[in-house]
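Structure file input.tsv (TSV, C-alpha atoms) is printed below.
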```tsv
chain	number	residue	atom	x	y	z
A	1	MET	CA	-88.61	-61.79	-174.94
A	2	PRO	CA	-85.47	-63.96	-175.26
A	3	ALA	CA	-82.20	-62.28	-174.30
A	4	PHE	CA	-80.52	-63.53	-177.44
A	5	ARG	CA	-81.02	-64.82	-180.95
A	6	ALA	CA	-79.44	-68.15	-181.96
A	7	ASP	CA	-78.35	-68.91	-185.53
A	8	ALA	CA	-76.77	-72.20	-186.61
A	9	ILE	CA	-73.73	-71.91	-188.87
A	10	VAL	CA	-72.18	-75.02	-190.46
A	11	ILE	CA	-68.39	-74.98	-190.85
A	12	GLU	CA	-66.58	-77.51	-193.04
A	13	THR	CA	-63.70	-79.10	-191.14
A	14	PRO	CA	-60.56	-79.82	-193.22
A	15	ALA	CA	-59.93	-83.48	-193.97
A	16	SER	CA	-57.52	-85.02	-191.45
A	17	ASN	CA	-56.58	-88.26	-189.68
A	18	GLY	CA	-57.64	-90.20	-192.75
A	19	LEU	CA	-61.15	-88.75	-192.55
A	20	PRO	CA	-62.90	-86.66	-195.20
A	21	SER	CA	-64.25	-83.23	-194.34
A	22	LEU	CA	-66.72	-83.20	-191.44
A	23	LYS	CA	-69.39	-80.65	-190.61
A	24	MET	CA	-69.13	-78.63	-187.41
A	25	VAL	CA	-72.34	-76.88	-186.39
A	26	SER	CA	-71.78	-73.68	-184.42
A	27	LYS	CA	-74.46	-71.65	-182.69
A	28	ARG	CA	-73.97	-67.90	-182.99
A	29	TYR	CA	-75.75	-66.04	-180.21
A	30	THR	CA	-76.42	-62.32	-180.60
A	31	PRO	CA	-78.38	-59.98	-178.31
A	32	THR	CA	-81.96	-59.23	-179.32
A	33	THR	CA	-81.50	-55.55	-178.50
A	34	SER	CA	-80.71	-53.24	-181.41
A	35	LYS	CA	-77.07	-53.38	-182.48
A	36	ALA	CA	-74.94	-50.34	-181.74
A	37	PRO	CA	-72.17	-49.35	-184.16
A	38	ASP	CA	-69.00	-51.39	-183.89
A	39	SER	CA	-66.54	-49.82	-181.49
A	40	SER	CA	-63.38	-50.46	-179.52
A	41	ARG	CA	-65.64	-51.90	-176.80
A	42	ASP	CA	-66.86	-54.84	-178.89
A	43	VAL	CA	-65.71	-58.36	-178.04
A	44	SER	CA	-66.71	-61.78	-179.38
A	45	LEU	CA	-66.63	-64.97	-177.31
A	46	VAL	CA	-66.09	-68.58	-178.35
A	47	VAL	CA	-67.29	-71.14	-175.78
A	48	MET	CA	-66.37	-74.84	-175.91
A	49	HIS	CA	-68.48	-77.59	-174.32
A	50	GLY	CA	-67.34	-80.77	-172.57
A	51	LEU	CA	-67.23	-84.48	-173.36
A	52	GLY	CA	-70.57	-86.15	-174.07
A	53	LEU	CA	-72.33	-82.79	-173.86
A	54	ASN	CA	-73.68	-80.29	-176.39
A	55	LYS	CA	-73.21	-76.68	-177.37
A	56	GLU	CA	-76.66	-75.53	-176.20
A	57	GLN	CA	-75.77	-76.27	-172.58
A	58	TRP	CA	-73.97	-72.92	-172.64
A	59	GLU	CA	-77.25	-71.06	-173.19
A	60	PRO	CA	-78.12	-70.54	-169.48
A	61	VAL	CA	-74.64	-69.05	-168.97
A	62	VAL	CA	-74.95	-66.98	-172.15
A	63	GLU	CA	-78.29	-65.50	-171.09
A	64	LYS	CA	-77.00	-64.55	-167.64
A	65	LEU	CA	-73.69	-63.27	-169.00
A	66	TRP	CA	-75.39	-60.67	-171.17
A	67	ILE	CA	-77.33	-59.45	-168.15
A	68	HIS	CA	-74.19	-59.03	-166.04
A	69	ALA	CA	-72.22	-57.55	-168.94
A	70	LYS	CA	-74.69	-54.66	-169.17
A	71	ALA	CA	-73.31	-53.35	-165.88
A	72	ASN	CA	-69.96	-52.91	-167.66
A	73	ALA	CA	-71.39	-51.47	-170.87
A	74	GLN	CA	-69.11	-48.45	-170.66
A	75	ASN	CA	-66.08	-50.77	-170.74
A	76	TYR	CA	-67.04	-53.52	-173.19
A	77	ARG	CA	-69.91	-54.97	-175.18
A	78	ILE	CA	-70.33	-58.66	-176.01
A	79	CYS	CA	-71.54	-58.46	-179.60
A	80	GLU	CA	-71.71	-62.23	-180.21
A	81	ILE	CA	-71.01	-65.58	-178.58
A	82	TRP	CA	-70.10	-68.63	-180.68
A	83	ALA	CA	-70.54	-72.22	-179.47
A	84	PRO	CA	-68.84	-74.68	-181.87
A	85	GLU	CA	-69.80	-78.33	-181.46
A	86	TRP	CA	-67.56	-81.41	-181.48
A	87	GLN	CA	-68.29	-83.17	-184.76
A	88	SER	CA	-69.43	-86.38	-183.02
A	89	HIS	CA	-71.78	-84.55	-180.63
A	90	GLY	CA	-75.21	-82.93	-180.90
A	91	GLU	CA	-76.42	-81.67	-184.27
A	92	SER	CA	-72.94	-82.18	-185.69
A	93	GLY	CA	-72.95	-85.84	-184.69
A	94	ILE	CA	-76.22	-86.39	-186.53
A	95	LEU	CA	-74.94	-84.66	-189.68
A	96	ASN	CA	-71.67	-86.63	-189.64
A	97	ARG	CA	-73.08	-89.99	-188.57
A	98	SER	CA	-72.89	-91.68	-191.97
A	99	VAL	CA	-69.33	-90.45	-192.60
A	100	ILE	CA	-68.16	-91.56	-189.17
A	101	GLU	CA	-69.79	-94.98	-189.51
A	102	THR	CA	-68.56	-95.49	-193.09
A	103	ASN	CA	-64.99	-94.78	-191.98
A	104	ASN	CA	-65.38	-97.05	-188.94
A	105	VAL	CA	-64.36	-94.30	-186.50
A	106	LYS	CA	-64.49	-95.58	-182.92
A	107	GLY	CA	-63.66	-92.25	-181.32
A	108	LEU	CA	-63.27	-88.84	-182.98
A	109	VAL	CA	-60.14	-87.26	-181.50
A	110	VAL	CA	-60.51	-83.81	-180.02
A	111	SER	CA	-57.85	-82.32	-182.32
A	112	VAL	CA	-60.33	-82.75	-185.21
A	113	TRP	CA	-62.67	-80.47	-183.29
A	114	GLY	CA	-59.74	-78.09	-182.93
A	115	LEU	CA	-59.31	-78.02	-186.71
A	116	GLY	CA	-62.98	-77.12	-187.01
A	117	LEU	CA	-62.56	-74.24	-184.58
A	118	ALA	CA	-59.45	-73.05	-186.43
A	119	ALA	CA	-61.48	-73.05	-189.64
A	120	LEU	CA	-64.15	-70.93	-187.93
A	121	LEU	CA	-61.57	-68.46	-186.60
A	122	LYS	CA	-60.24	-68.02	-190.14
A	123	GLN	CA	-63.70	-67.25	-191.53
A	124	PRO	CA	-64.85	-63.61	-192.02
A	125	TYR	CA	-67.27	-64.16	-189.12
A	126	LEU	CA	-64.44	-63.79	-186.58
A	127	ARG	CA	-61.31	-62.92	-188.53
A	128	GLY	CA	-59.80	-59.66	-187.27
A	129	LYS	CA	-62.21	-59.32	-184.33
A	130	ARG	CA	-61.39	-59.21	-180.62
A	131	VAL	CA	-62.07	-62.78	-179.54
A	132	ILE	CA	-61.90	-64.36	-176.08
A	133	GLY	CA	-61.91	-68.14	-175.87
A	134	VAL	CA	-63.69	-69.94	-173.02
A	135	GLY	CA	-63.14	-73.68	-172.71
A	136	PHE	CA	-64.59	-76.26	-170.36
A	137	SER	CA	-62.85	-79.56	-169.56
A	138	ILE	CA	-61.94	-81.39	-172.79
A	139	GLY	CA	-63.19	-78.39	-174.76
A	140	ASN	CA	-59.96	-76.69	-173.68
A	141	LEU	CA	-57.99	-79.26	-175.66
A	142	ALA	CA	-59.88	-78.35	-178.83
A	143	LEU	CA	-59.52	-74.63	-178.11
A	144	LEU	CA	-55.79	-74.75	-177.39
A	145	ASN	CA	-54.98	-77.12	-180.26
A	146	ALA	CA	-56.93	-74.85	-182.63
A	147	LEU	CA	-54.61	-71.98	-181.69
A	148	ARG	CA	-51.63	-74.06	-182.85
A	149	GLU	CA	-52.90	-73.47	-186.40
A	150	PHE	CA	-51.93	-69.78	-186.07
A	151	SER	CA	-48.72	-67.83	-185.58
A	152	LYS	CA	-47.64	-67.86	-181.92
A	153	SER	CA	-46.82	-64.15	-182.16
A	154	ALA	CA	-50.27	-63.23	-183.49
A	155	PRO	CA	-52.94	-65.51	-181.97
A	156	PRO	CA	-56.56	-64.97	-183.10
A	157	VAL	CA	-57.69	-64.41	-179.48
A	158	ILE	CA	-56.97	-61.63	-177.00
A	159	GLY	CA	-57.41	-63.86	-173.95
A	160	LEU	CA	-58.51	-67.25	-172.64
A	161	VAL	CA	-60.59	-68.57	-169.75
A	162	ILE	CA	-59.87	-72.23	-168.97
A	163	LEU	CA	-62.51	-73.95	-166.83
A	164	GLU	CA	-61.58	-77.16	-165.02
A	165	PRO	CA	-58.48	-77.95	-167.09
A	166	ILE	CA	-57.50	-81.49	-167.96
A	167	LEU	CA	-54.07	-80.39	-169.14
A	168	PHE	CA	-51.52	-82.81	-167.74
A	169	ASP	CA	-47.74	-83.13	-168.07
A	170	ARG	CA	-46.38	-86.32	-169.61
A	171	GLU	CA	-44.92	-87.35	-166.27
A	172	THR	CA	-48.33	-86.84	-164.61
A	173	SER	CA	-50.61	-88.56	-167.11
A	174	SER	CA	-49.45	-91.01	-169.76
A	175	PRO	CA	-50.05	-94.61	-170.85
A	176	GLU	CA	-46.83	-95.54	-169.02
A	177	ASN	CA	-47.96	-94.05	-165.70
A	178	PRO	CA	-49.74	-96.78	-163.66
A	179	ARG	CA	-51.66	-94.31	-161.49
A	180	SER	CA	-52.99	-92.23	-164.37
A	181	GLN	CA	-53.87	-95.36	-166.32
A	182	ALA	CA	-55.81	-96.65	-163.31
A	183	VAL	CA	-57.79	-93.38	-163.11
A	184	VAL	CA	-58.49	-93.49	-166.85
A	185	ASN	CA	-59.71	-97.09	-166.60
A	186	ILE	CA	-62.06	-96.18	-163.74
A	187	MET	CA	-63.48	-93.25	-165.73
A	188	MET	CA	-63.97	-95.32	-168.88
A	189	LYS	CA	-65.65	-98.13	-166.97
A	190	GLY	CA	-67.97	-95.67	-165.23
A	191	ILE	CA	-69.00	-94.00	-168.48
A	192	LYS	CA	-69.66	-97.28	-170.27
A	193	SER	CA	-71.94	-98.37	-167.42
A	194	GLN	CA	-74.19	-95.31	-167.80
A	195	GLY	CA	-77.53	-95.55	-169.56
A	196	GLU	CA	-77.80	-94.10	-173.06
A	197	CYS	CA	-81.24	-95.20	-174.29
A	198	TRP	CA	-84.73	-94.64	-172.82
A	199	PRO	CA	-88.37	-94.97	-173.93
A	200	ASP	CA	-88.79	-91.17	-173.94
A	201	ARG	CA	-87.28	-87.95	-172.57
A	202	GLU	CA	-89.35	-88.11	-169.40
A	203	GLN	CA	-87.85	-91.50	-168.55
A	204	ALA	CA	-84.41	-90.18	-169.45
A	205	LYS	CA	-84.92	-87.26	-167.06
A	206	LYS	CA	-85.97	-89.59	-164.23
A	207	TYR	CA	-82.84	-91.69	-164.77
A	208	LEU	CA	-80.44	-88.75	-165.00
A	209	THR	CA	-81.76	-86.77	-162.03
A	210	LYS	CA	-81.06	-89.72	-159.73
A	211	ARG	CA	-77.41	-90.02	-160.77
A	212	LEU	CA	-74.23	-87.97	-160.76
A	213	PRO	CA	-73.23	-85.75	-162.41
A	214	TRP	CA	-76.68	-84.82	-163.73
A	215	SER	CA	-78.36	-84.75	-160.30
A	216	ARG	CA	-76.30	-81.66	-159.43
A	217	TRP	CA	-77.05	-79.75	-162.61
A	218	ASP	CA	-79.11	-76.58	-162.75
A	219	ALA	CA	-82.56	-77.46	-164.13
A	220	SER	CA	-82.16	-75.11	-167.10
A	221	VAL	CA	-78.95	-76.85	-168.18
A	222	LEU	CA	-80.46	-80.32	-167.82
A	223	ASP	CA	-83.38	-79.27	-170.01
A	224	LYS	CA	-80.93	-78.24	-172.74
A	225	TYR	CA	-79.26	-81.65	-172.56
A	226	LEU	CA	-82.58	-83.48	-172.79
A	227	THR	CA	-83.60	-81.36	-175.79
A	228	PHE	CA	-80.34	-81.21	-177.74
A	229	GLY	CA	-78.16	-84.03	-176.39
A	230	LEU	CA	-80.66	-86.80	-177.11
A	231	MET	CA	-82.12	-87.87	-180.45
A	232	ASP	CA	-85.34	-89.62	-181.40
A	233	THR	CA	-84.68	-93.00	-182.98
A	234	THR	CA	-85.82	-96.64	-182.88
A	235	ASP	CA	-84.35	-99.64	-181.11
A	236	THR	CA	-83.62	-103.05	-182.66
A	237	ALA	CA	-87.26	-104.03	-182.15
A	238	GLY	CA	-88.47	-100.99	-184.05
A	239	SER	CA	-89.86	-99.21	-180.97
A	240	SER	CA	-89.50	-95.44	-180.60
A	241	VAL	CA	-86.79	-94.45	-178.12
A	242	VAL	CA	-84.49	-91.54	-177.28
A	243	LYS	CA	-80.74	-92.05	-177.23
A	244	THR	CA	-77.65	-90.00	-176.48
A	245	ILE	CA	-76.28	-88.60	-179.73
A	246	CYS	CA	-72.74	-89.20	-178.50
A	247	SER	CA	-72.63	-92.86	-177.47
A	248	ARG	CA	-71.06	-93.88	-174.17
A	249	ALA	CA	-68.44	-95.86	-176.12
A	250	GLU	CA	-67.54	-92.73	-178.12
A	251	GLU	CA	-67.41	-90.72	-174.91
A	252	ALA	CA	-65.17	-93.23	-173.12
A	253	SER	CA	-62.71	-93.46	-176.01
A	254	ALA	CA	-61.68	-89.82	-175.51
A	255	TYR	CA	-59.89	-90.74	-172.28
A	256	GLU	CA	-57.30	-92.74	-174.22
A	257	ASN	CA	-56.07	-89.65	-176.07
A	258	TYR	CA	-53.04	-88.23	-174.25
A	259	VAL	CA	-51.29	-86.49	-177.15
A	260	ASP	CA	-53.85	-83.70	-177.56
A	261	ALA	CA	-53.58	-82.87	-173.84
A	262	TRP	CA	-49.80	-82.58	-174.05
A	263	SER	CA	-49.90	-80.31	-177.12
A	264	ALA	CA	-52.64	-78.18	-175.51
A	265	LEU	CA	-50.47	-77.66	-172.44
A	266	ALA	CA	-47.59	-76.61	-174.69
A	267	THR	CA	-49.89	-73.94	-176.14
A	268	VAL	CA	-50.44	-72.54	-172.63
A	269	GLU	CA	-46.67	-72.23	-172.22
A	270	GLU	CA	-46.31	-70.49	-175.59
A	271	LEU	CA	-49.22	-68.06	-175.27
A	272	SER	CA	-49.29	-67.19	-171.55
A	273	PRO	CA	-46.52	-64.57	-171.93
A	274	ILE	CA	-48.47	-62.99	-174.83
A	275	ILE	CA	-52.15	-62.99	-173.80
A	276	PRO	CA	-53.92	-63.22	-170.42
A	277	ILE	CA	-54.98	-66.77	-169.53
A	278	HIS	CA	-57.29	-67.28	-166.55
A	279	VAL	CA	-57.92	-70.69	-164.97
A	280	VAL	CA	-61.07	-71.58	-163.00
A	281	PHE	CA	-61.32	-74.58	-160.68
A	282	GLY	CA	-64.35	-76.21	-159.07
A	283	THR	CA	-63.67	-76.55	-155.35
A	284	GLU	CA	-65.71	-79.75	-154.97
A	285	ASP	CA	-64.33	-81.87	-157.79
A	286	ARG	CA	-63.52	-85.34	-156.42
A	287	LEU	CA	-62.86	-87.02	-159.75
A	288	ILE	CA	-59.58	-85.58	-161.01
A	289	PRO	CA	-56.80	-84.95	-158.44
A	290	ARG	CA	-56.21	-81.21	-157.98
A	291	ALA	CA	-52.46	-81.86	-158.11
A	292	TRP	CA	-52.94	-83.08	-161.67
A	293	LYS	CA	-55.04	-80.08	-162.68
A	294	ASN	CA	-52.41	-77.78	-161.18
A	295	CYS	CA	-50.19	-78.71	-164.15
A	296	ALA	CA	-52.03	-75.96	-166.04
A	297	ILE	CA	-50.82	-73.29	-163.60
A	298	ASP	CA	-47.27	-74.54	-162.96
A	299	ALA	CA	-45.18	-71.37	-163.26
A	300	SER	CA	-41.95	-73.38	-163.06
A	301	LYS	CA	-42.84	-74.80	-166.49
A	302	GLY	CA	-43.36	-71.35	-168.01
A	303	ARG	CA	-47.13	-71.25	-167.57
A	304	LYS	CA	-47.64	-67.61	-166.57
A	305	ILE	CA	-51.30	-67.61	-165.64
A	306	ALA	CA	-53.00	-64.21	-165.31
A	307	GLY	CA	-55.34	-65.39	-162.55
A	308	VAL	CA	-56.55	-68.50	-160.74
A	309	HIS	CA	-60.18	-68.51	-159.61
A	310	GLU	CA	-62.54	-70.89	-157.81
A	311	ILE	CA	-66.27	-71.58	-157.91
A	312	VAL	CA	-68.03	-73.81	-155.39
A	313	ALA	CA	-68.93	-76.66	-157.74
A	314	SER	CA	-67.73	-80.04	-158.90
A	315	HIS	CA	-65.98	-80.49	-162.24
A	316	MET	CA	-69.20	-79.45	-164.03
A	317	ILE	CA	-69.01	-75.71	-163.31
A	318	PRO	CA	-71.13	-74.41	-166.25
A	319	HIS	CA	-73.82	-77.00	-165.54
A	320	GLU	CA	-74.09	-76.53	-161.78
A	321	LYS	CA	-73.43	-72.81	-161.38
A	322	PRO	CA	-74.36	-70.91	-164.57
A	323	GLU	CA	-75.12	-67.71	-162.62
A	324	GLU	CA	-71.86	-67.69	-160.67
A	325	LEU	CA	-69.88	-68.49	-163.80
A	326	ALA	CA	-71.58	-65.69	-165.73
A	327	ILE	CA	-70.67	-63.21	-162.98
A	328	LEU	CA	-67.03	-64.32	-163.01
A	329	LEU	CA	-66.80	-64.24	-166.81
A	330	ALA	CA	-68.22	-60.71	-166.87
A	331	GLN	CA	-65.49	-59.62	-164.47
A	332	LEU	CA	-62.71	-61.39	-166.36
A	333	ILE	CA	-63.81	-59.96	-169.71
A	334	GLN	CA	-63.80	-56.46	-168.23
A	335	GLY	CA	-60.25	-56.99	-166.97
A	336	MET	CA	-58.99	-58.38	-170.28
A	337	MET	CA	-60.55	-55.54	-172.28
A	338	ALA	CA	-59.07	-52.97	-169.90
A	339	ASP	CA	-55.68	-54.66	-170.22
A	340	LEU	CA	-55.95	-54.57	-174.00
A	341	ARG	CA	-56.80	-50.85	-174.05
A	342	SER	CA	-53.86	-50.05	-171.78
A	343	LYS	CA	-51.50	-51.56	-174.36
A	344	LEU	CA	-52.90	-49.60	-177.31
```
Conversion result in structure tokens:
Amino acid sequence: MPAFRADAIVIETPASNGLPSLKMVSKRYTPTTSKAPDSSRDVSLVVMHGLGLNKEQWEPVVEKLWIHAKANAQNYRICEIWAPEWQSHGESGILNRSVIETNNVKGLVVSVWGLGLAALLKQPYLRGKRVIGVGFSIGNLALLNALREFSKSAPPVIGLVILEPILFDRETSSPENPRSQAVVNIMMKGIKSQGECWPDREQAKKYLTKRLPWSRWDASVLDKYLTFGLMDTTDTAGSSVVKTICSRAEEASAYENYVDAWSALATVEELSPIIPIHVVFGTEDRLIPRAWKNCAIDASKGRKIAGVHEIVASHMIPHEKPEELAILLAQLIQGMMADLRSKL
């Protein structure tokens, strides 16, 4: 029997950046066991995926997290986990394709995803509940920018877990910084060179498992990507193929957006004295300099981080180590709930 039930909820994103309203599909995961009455132990999670990925890749972590959370049942209960999807990715990308193409959008900025998340947090689904936000990579930018839509003194979350942050100071990463621009150019070139179309999913799997980062992924996570990150379509010759829902060009364009990273980092400064913020690094990431990622935990800039943690993985922590991440999240949630009760 599955450990959870998954329901898809479509949230209308407010019009912005010259675009009409877009649809953001969110998966709401709930345990299949009978629901106990709501109590002071209940907590809801919101988990944000990374660039070029899809919301369902959280499912292996979600399944393991509920198992490990049972050991702390006397302290907290995860009643639901929400996985909102970037409007150009996965199911959302398919629903919004005609709008995006009609408006000639070359890259949907991550702050639009943040507006979608803010809209979700204002819905009755989550309004007034104890919510912990968990972001991975660029998903942190959407998460933190969403929180800017709320009062700084009363954020809609009781805590945050930031995985592999790409939150850089202006002096560290900007269009005027030659070193950061060189790194961005390398990343964009690498992404654009990756395959995005195959005859079928089996051929896609053969291609991906021979190349980084996919060759390091847990098999369960890769299966989710093959199922939900690719779509069935036809090529210019009319032959049946599978293709990434988020194109490599769309994916690469995200690296040119510096403003959302700067505003997200400002949110860390504003909220870290108010709510616990934990940061998790992969010890084997060779792509982004650790000195850059340390911007997120720079106490001299007012970023009062509750805890810094490490998992033996590359940048792709949820994809390579879903079990280890689930164990750590279970521990961090317990600590944040205990901290909340001590203040009541």
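Taking atom CA of Thr32 of chain A and atom CA of Pro276 of chain A as the two end points, the separation is 29.7 Å.
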- Task: Figure out the distance between atom CA of Met316 of chain A and atom CA of Pro31 of chain A, please, to one decimal in Å.
- Result: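 It comes out at 25.8 Å.
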- Task: Could you give me, as a count of residues only, the residues that sit within 12 Å of (-71.0, -54.9, -169.8) in the file's coordinates, counting only C-alpha atoms?
- Result: 29
- Task: For the point (-60.5, -91.9, -166.5) in the file's frame, write as a list in words all residues with an atom no more than 10 Å away, counting all atoms listed in the file.
- Result: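 Here is the list of nearby residues: Ser180, Gln181, Ala182, Val183, Val184, Asn185, Ile186, Met187, Met188, Lys189, Gly190, Ile191, Ala252, Ser253, Ala254, Tyr255, Glu256, Leu287 and Ile288 of chain A.
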- Note on the structure: Between atom CA of Leu120 of chain A and atom CA of Gly302 of chain A lies a distance of 28.8 Å
- Task: Tell me, as a PyMOL selection string, which residues lie within 10 Å of Asp260 of chain A, counting all atoms listed in the file; anything in the same chain fewer than 5 positions away does not count.
- Result: chain A and resi 109-111+114+138+141-142+144-145+167+265-266
So that I can check the surroundings of Met24 of chain A, please list as a compact mmCIF listing (two decimals) with C-alpha atoms, keeping the file's coordinate frame every protein, DNA and RNA residue that reaches within 8 Å of it, counting only C-alpha atoms and ignoring chain neighbours fewer than 6 positions away.
```txt
# COMPACT_ATOMS: atom_id res chain seq x y z
CA VAL A 10 -72.18 -75.02 -190.46
CA ILE A 11 -68.39 -74.98 -190.85
CA GLU A 12 -66.58 -77.51 -193.04
CA THR A 13 -63.70 -79.10 -191.14
CA PRO A 84 -68.84 -74.68 -181.87
CA GLU A 85 -69.80 -78.33 -181.46
CA TRP A 86 -67.56 -81.41 -181.48
CA GLN A 87 -68.29 -83.17 -184.76
CA SER A 92 -72.94 -82.18 -185.69
CA TRP A 113 -62.67 -80.47 -183.29
CA GLY A 116 -62.98 -77.12 -187.01
```
Please complete segment 186-198 of chain A so it has N, CA and C atoms, and hand it over as a PDB file, in the coordinates of the input.
```pdb
ATOM      1  N   ILE A 186     -60.878 -96.366-164.594  1.00  0.00           N
ATOM      2  CA  ILE A 186     -62.060 -96.180-163.740  1.00  0.00           C
ATOM      3  C   ILE A 186     -63.080 -95.282-164.439  1.00  0.00           C
ATOM      4  N   MET A 187     -62.588 -94.180-165.039  1.00  0.00           N
ATOM      5  CA  MET A 187     -63.480 -93.250-165.730  1.00  0.00           C
ATOM      6  C   MET A 187     -64.172 -93.922-166.913  1.00  0.00           C
ATOM      7  N   MET A 188     -63.400 -94.665-167.700  1.00  0.00           N
ATOM      8  CA  MET A 188     -63.970 -95.320-168.880  1.00  0.00           C
ATOM      9  C   MET A 188     -65.005 -96.367-168.477  1.00  0.00           C
ATOM     10  N   LYS A 189     -64.706 -97.120-167.434  1.00  0.00           N
ATOM     11  CA  LYS A 189     -65.650 -98.130-166.970  1.00  0.00           C
ATOM     12  C   LYS A 189     -66.938 -97.487-166.471  1.00  0.00           C
ATOM     13  N   GLY A 190     -66.793 -96.365-165.745  1.00  0.00           N
ATOM     14  CA  GLY A 190     -67.970 -95.670-165.230  1.00  0.00           C
ATOM     15  C   GLY A 190     -68.848 -95.128-166.339  1.00  0.00           C
ATOM     16  N   ILE A 191     -68.232 -94.554-167.371  1.00  0.00           N
ATOM     17  CA  ILE A 191     -69.000 -94.000-168.480  1.00  0.00           C
ATOM     18  C   ILE A 191     -69.734 -95.093-169.244  1.00  0.00           C
ATOM     19  N   LYS A 192     -69.047 -96.191-169.508  1.00  0.00           N
ATOM     20  CA  LYS A 192     -69.660 -97.280-170.270  1.00  0.00           C
ATOM     21  C   LYS A 192     -70.829 -97.929-169.534  1.00  0.00           C
ATOM     22  N   SER A 193     -70.854 -97.779-168.206  1.00  0.00           N
ATOM     23  CA  SER A 193     -71.940 -98.370-167.420  1.00  0.00           C
ATOM     24  C   SER A 193     -73.179 -97.483-167.365  1.00  0.00           C
ATOM     25  N   GLN A 194     -73.068 -96.247-167.860  1.00  0.00           N
ATOM     26  CA  GLN A 194     -74.190 -95.310-167.800  1.00  0.00           C
ATOM     27  C   GLN A 194     -75.219 -95.613-168.889  1.00  0.00           C
ATOM     28  N   GLY A 195     -76.469 -95.359-168.580  1.00  0.00           N
ATOM     29  CA  GLY A 195     -77.530 -95.550-169.560  1.00  0.00           C
ATOM     30  C   GLY A 195     -77.406 -94.574-170.711  1.00  0.00           C
ATOM     31  N   GLU A 196     -77.850 -94.987-171.901  1.00  0.00           N
ATOM     32  CA  GLU A 196     -77.800 -94.100-173.060  1.00  0.00           C
ATOM     33  C   GLU A 196     -79.054 -94.207-173.929  1.00  0.00           C
ATOM     34  N   CYS A 197     -80.027 -95.008-173.498  1.00  0.00           N
ATOM     35  CA  CYS A 197     -81.240 -95.200-174.290  1.00  0.00           C
ATOM     36  C   CYS A 197     -82.439 -95.353-173.354  1.00  0.00           C
ATOM     37  N   TRP A 198     -83.528 -94.613-173.658  1.00  0.00           N
ATOM     38  CA  TRP A 198     -84.730 -94.640-172.820  1.00  0.00           C
ATOM     39  C   TRP A 198     -85.982 -94.600-173.697  1.00  0.00           C
TER      40      TRP A 198
END
```
